[in-house]
Amino acid sequence: MENFTYNYVEGNMGSASYSRAIFESMESWNLLQKNAAPNALNDSMARFDAPKCDEDTRVGVLGEIMGWIQDRTSPQRLLCLTGAAGAGKSAIQQTIAERCSGKKILASAFFFSTADATRNTVAPVIPTIAYQLSTINPLLRYCIVAAIDDDPLVFSKSLKAQINTLIARPLLQYKEKSKASVDDLPYVILIDGLDECADEGHQAGLLAAIKERFLDHDLPFRLFIASRPEWAMRTALDLNGCLHQKAYHIQLSNKYDASADIRRFLQRRLRDIGDRSGNPEAHPSLWPTKEDVEALLRAASGQFIYAATVIRFVSEGRSSPVNRLNTILKWTTGDTHRFNPFAALDLLYSRILSRAKDAYEAADPNRPNFLLLLNAYRINVDRNEDHILQDLDILLCSEPNSHAQLIYDLHSLITIEPYNNPRASASQNLLQMNMHHQSFLDFLIDKSRSKHLFVPPSRVLKFAALRCLENINGHSIDEIRWVDHVAASRDPSYVESRRLHHSLTILPGLLLDPELTLDDFPADQVIQFASCSGLEKVNKWLKIVTSAQISSPEPWINFVPHVLKTLQARTHSFLDSVPRLTYGGLSLISLRARSTD
């Protein structure tokens, strides 16, 4: 402490005053340490095995980030990196932290973590930055501690007030006392995992404080923040957000395809594991095979966390790495292996999904079941790659733009993209949903992995089928017509026809799915569907789409005998139902005969 107190204590230097100054400074220094989060530091013991980029991976994005950091003439002094869950943002941040530390330009780093109560709120962020700044230079430390002497309650004040008291004013005092330029101090501040901060409002508040105090007041720092693209970050970067045009934005999943990096990572790490194991079957000349690596790459869907999970699992334990890799390659839904290779990945998905579910239900308890609805969108997207999201909103929720509330907190796992067809007009603003992580889809449909977040497939199939049946029943046979849904106008009748086309396309597959149990089969609704000329509507629609050669009648031809068989097993009114279904069935069979002529 004497390094930074005895030269800068002002006023009476008698022994009593001097002792009091040292005592007060020690007390303030201890107060600063108490309010900081040591676990959040880039070199913390709590993060001893922190992920970082493997050699020769992420070369492009790391080069872009370091170029931005070292170009101090660039007007944008904040860089925001966004990317899907598991895309490798924290590994990039850790690598950048180590590179900046090696160049003596790292001022501070703060790594949020949902699982660590000492670093999952905004409270310790500014004190931790101030603590790290105080270790850079004795005079700067004196100025920061002196500021706490003057205002010991600063840690209970707003983020903006903390930045003023603990960073901005001490820097000004340092400049005045030292006659040196603050530009000569380390200048890089890193914040990782903003989305892991417990409160979205506090996330937004931190971004606003950074904008107002760091950027608007021209403090000499370049800040690099990484986050999943959840609400706080998205709205801040949006057109009317506080960081719009203030931040340099890198969208990791859009700009950088990680496939080549993940392939190199898997090949290198697996060969190293095999070489160290001494197992002849795992010799690098034999293992892993190209097919093994490509299968893992497909499953990773661009997620470094998936690849890292594979390596961690294969390298653990005393069993053969070849056998452990085969465990992953053969892992299928419903398997009950002693080990779960994806435990770490499942924990990540569970946290994201649980938080989104809680927020969705808290906003309006009368909304449809979150997990059921999410899976209903999933099954519609899976079964019709040519889907249009606006149609699914009305079909499943009867409200436009309902997907926005559903995936409000799931943008790290689900993306909304423009409808990918060159003939579609941009003015239509047609959208599609992309659940781009195969491992997330696997998680949703595997009860052993998703646990309390699992929704039985039969329940999802029934819900989606009922919505399709209701949609078809709600329209007359005269409304069954073909429209080019890509070129369709905004005319409501065209939109209705487009939605009917989707319902008629996927309905037989939903009702024929072996996962739809006998108990969940909507027998009454299918009978009502037949009573309302449902199969005659199907027959008309099939004539249209088969003549245009854009759809096969086969699913519907298989549908009738399947329904008759199911009704026979399910309902006593089977005989009463036969005439209504047989009429349509005969019509469909005749259509098949014509289509094979």
# chains A, B, ... in the order shown; residues from 1 in each chain; ligands from 1

call {"tool": "select_by_dssp", "arguments": {"residues": "region 170-410 of chain A", "states": "alpha helix (DSSP H)", "output": "PyMOL selection string"}}
result
chain A and resi 170-178+200-209+231-237+252-255+259-277+290-300+304-315+321-329+343-363+370-383+389-397+402-406

call {"tool": "residues_around", "arguments": {"residues": "Leu430 (chain A)", "least_positions_apart": "5", "cutoff": "7 Å", "atoms": "only C-alpha atoms", "output": "count of residues only"}}
result
3

call {"tool": "select_by_dssp", "arguments": {"residues": "region 23-143 of chain A", "states": "strand (DSSP E or B)", "output": "list of chain:residue names"}}
result
A:Leu78, A:Leu79, A:Cys80, A:Leu81, A:Thr82, A:Leu106, A:Ala107, A:Ser108, A:Ala109, A:Phe110, A:Phe111

call {"tool": "residues_around", "arguments": {"residues": "Asp382 (chain A)", "least_positions_apart": "4", "cutoff": "12 Å", "atoms": "only C-alpha atoms", "output": "compact mmCIF listing (two decimals) with N, CA, C and O atoms, in the first residue's frame"}}
result
# COMPACT_ATOMS: atom_id res chain seq x y z
N ASN A 375 -42.38 -27.37 -30.24
CA ASN A 375 -42.26 -28.63 -30.97
C ASN A 375 -43.21 -28.69 -32.16
O ASN A 375 -42.90 -29.36 -33.16
N ALA A 376 -44.35 -28.02 -32.07
CA ALA A 376 -45.28 -27.98 -33.20
C ALA A 376 -44.67 -27.22 -34.37
O ALA A 376 -44.79 -27.62 -35.54
N TYR A 377 -44.00 -26.10 -34.07
CA TYR A 377 -43.29 -25.39 -35.14
C TYR A 377 -42.19 -26.29 -35.70
O TYR A 377 -42.00 -26.36 -36.93
N ARG A 378 -41.46 -26.96 -34.81
CA ARG A 378 -40.37 -27.83 -35.26
C ARG A 378 -40.87 -28.88 -36.24
O ARG A 378 -40.28 -29.10 -37.30
N ASP A 386 -40.33 -26.13 -47.54
CA ASP A 386 -40.79 -24.97 -48.30
C ASP A 386 -41.81 -24.15 -47.50
O ASP A 386 -42.57 -23.38 -48.06
N HIS A 387 -41.80 -24.31 -46.19
CA HIS A 387 -42.78 -23.61 -45.34
C HIS A 387 -42.57 -22.10 -45.38
O HIS A 387 -41.48 -21.60 -45.67
N GLN A 432 -38.71 -17.79 -43.07
CA GLN A 432 -38.63 -19.20 -42.71
C GLN A 432 -37.92 -19.33 -41.37
O GLN A 432 -37.13 -18.47 -40.98
N MET A 433 -38.21 -20.42 -40.67
CA MET A 433 -37.56 -20.71 -39.39
C MET A 433 -36.48 -21.76 -39.61
O MET A 433 -36.68 -22.74 -40.32
N ASN A 434 -35.33 -21.51 -39.01
CA ASN A 434 -34.21 -22.44 -39.14
C ASN A 434 -33.72 -22.85 -37.75
O ASN A 434 -33.16 -22.04 -37.02
N MET A 435 -34.00 -24.10 -37.38
CA MET A 435 -33.44 -24.65 -36.15
C MET A 435 -32.12 -25.31 -36.54
O MET A 435 -32.07 -26.49 -36.86
N HIS A 436 -31.05 -24.51 -36.54
CA HIS A 436 -29.84 -24.90 -37.26
C HIS A 436 -28.89 -25.79 -36.49
O HIS A 436 -27.83 -26.14 -36.98
N GLN A 438 -28.45 -29.42 -35.23
CA GLN A 438 -29.00 -30.77 -35.22
C GLN A 438 -28.99 -31.35 -33.81
O GLN A 438 -29.91 -32.07 -33.41
N LEU A 441 -32.07 -30.33 -31.93
CA LEU A 441 -33.25 -31.10 -32.34
C LEU A 441 -33.21 -32.48 -31.71
O LEU A 441 -34.23 -33.00 -31.25
N ILE A 506 -48.85 -31.72 -45.24
CA ILE A 506 -48.25 -32.43 -44.10
C ILE A 506 -49.23 -33.29 -43.31
O ILE A 506 -48.81 -34.16 -42.55
N GLY A 509 -48.95 -37.26 -43.33
CA GLY A 509 -47.74 -37.70 -42.64
C GLY A 509 -47.88 -37.64 -41.13
O GLY A 509 -47.37 -38.51 -40.41
N LEU A 510 -48.59 -36.63 -40.62
CA LEU A 510 -48.80 -36.51 -39.18
C LEU A 510 -49.67 -37.66 -38.67
O LEU A 510 -49.39 -38.26 -37.63

call {"tool": "residues_around", "arguments": {"residues": "Tyr408 (chain A)", "least_positions_apart": "5", "cutoff": "12 Å", "atoms": "only C-alpha atoms", "output": "list in words"}}
result
Glu200, Pro229, Glu230, Trp231, Ala232, Arg234, Thr235, Ile352, Leu353, Arg355, Ala356, Lys357, Asp358, Ala359, Tyr360, Glu361, Ala363, Phe370, Leu374, Asn401, Ser402, His403, Leu413, Ile414, Thr415 and Ile416 of chain A

call {"tool": "write_last_selection", "arguments": {"atoms": "N, CA and C atoms", "output": "compact mmCIF listing (two decimals), in the first residue's frame"}}
result
# COMPACT_ATOMS: atom_id res chain seq x y z
N GLU A 200 -32.25 -9.71 -17.86
CA GLU A 200 -32.13 -9.06 -19.17
C GLU A 200 -32.12 -7.54 -19.06
N PRO A 229 -27.21 -13.85 -29.34
CA PRO A 229 -28.04 -12.75 -29.85
C PRO A 229 -29.41 -12.69 -29.19
N GLU A 230 -29.42 -12.57 -27.85
CA GLU A 230 -30.68 -12.50 -27.13
C GLU A 230 -31.15 -11.05 -27.03
N TRP A 231 -32.26 -10.83 -26.32
CA TRP A 231 -33.00 -9.57 -26.40
C TRP A 231 -32.13 -8.34 -26.15
N ALA A 232 -31.36 -8.30 -25.09
CA ALA A 232 -30.62 -7.08 -24.74
C ALA A 232 -29.65 -6.69 -25.84
N ARG A 234 -29.63 -7.82 -29.03
CA ARG A 234 -30.34 -7.57 -30.30
C ARG A 234 -30.92 -6.18 -30.35
N THR A 235 -31.65 -5.80 -29.31
CA THR A 235 -32.31 -4.49 -29.33
C THR A 235 -31.30 -3.35 -29.29
N ILE A 352 -30.89 -22.64 -21.48
CA ILE A 352 -31.45 -21.69 -22.45
C ILE A 352 -32.96 -21.90 -22.58
N LEU A 353 -33.37 -23.15 -22.71
CA LEU A 353 -34.79 -23.45 -22.93
C LEU A 353 -35.62 -23.15 -21.69
N ARG A 355 -34.99 -20.92 -19.32
CA ARG A 355 -35.10 -19.47 -19.16
C ARG A 355 -36.13 -18.90 -20.15
N ALA A 356 -36.10 -19.38 -21.39
CA ALA A 356 -37.05 -18.90 -22.40
C ALA A 356 -38.48 -19.28 -22.02
N LYS A 357 -38.66 -20.49 -21.54
CA LYS A 357 -39.99 -20.96 -21.13
C LYS A 357 -40.54 -20.12 -19.98
N ASP A 358 -39.72 -19.87 -18.98
CA ASP A 358 -40.17 -19.09 -17.82
C ASP A 358 -40.57 -17.68 -18.23
N ALA A 359 -39.76 -17.05 -19.09
CA ALA A 359 -40.06 -15.68 -19.54
C ALA A 359 -41.33 -15.64 -20.38
N TYR A 360 -41.51 -16.63 -21.25
CA TYR A 360 -42.69 -16.70 -22.12
C TYR A 360 -43.96 -16.84 -21.28
N GLU A 361 -43.93 -17.73 -20.31
CA GLU A 361 -45.12 -17.98 -19.50
C GLU A 361 -45.39 -16.84 -18.52
N ALA A 363 -44.86 -13.69 -19.11
CA ALA A 363 -45.40 -12.55 -19.85
C ALA A 363 -46.90 -12.66 -20.03
N PHE A 370 -45.75 -23.51 -24.02
CA PHE A 370 -44.52 -23.11 -24.71
C PHE A 370 -43.83 -24.29 -25.38
N LEU A 374 -43.46 -24.93 -29.37
CA LEU A 374 -42.13 -24.97 -29.98
C LEU A 374 -41.95 -26.24 -30.80
N ASN A 401 -47.40 -13.15 -36.52
CA ASN A 401 -46.12 -12.87 -35.85
C ASN A 401 -45.99 -13.55 -34.48
N SER A 402 -46.75 -14.61 -34.24
CA SER A 402 -46.69 -15.25 -32.93
C SER A 402 -45.35 -15.93 -32.67
N HIS A 403 -44.62 -16.26 -33.73
CA HIS A 403 -43.30 -16.88 -33.53
C HIS A 403 -42.35 -15.95 -32.80
N LEU A 413 -30.39 -20.41 -30.69
CA LEU A 413 -30.65 -21.77 -31.17
C LEU A 413 -31.52 -21.80 -32.42
N ILE A 414 -32.31 -20.76 -32.62
CA ILE A 414 -33.25 -20.72 -33.74
C ILE A 414 -33.09 -19.38 -34.45
N THR A 415 -33.01 -19.40 -35.76
CA THR A 415 -32.90 -18.16 -36.52
C THR A 415 -34.09 -18.00 -37.44
N ILE A 416 -34.44 -16.76 -37.69
CA ILE A 416 -35.49 -16.43 -38.66
C ILE A 416 -34.80 -15.81 -39.87

call {"tool": "atom_distance", "arguments": {"atom1": "CA of Val563 (chain A)", "atom2": "CA of Leu461 (chain A)"}}
result
15.0 Å
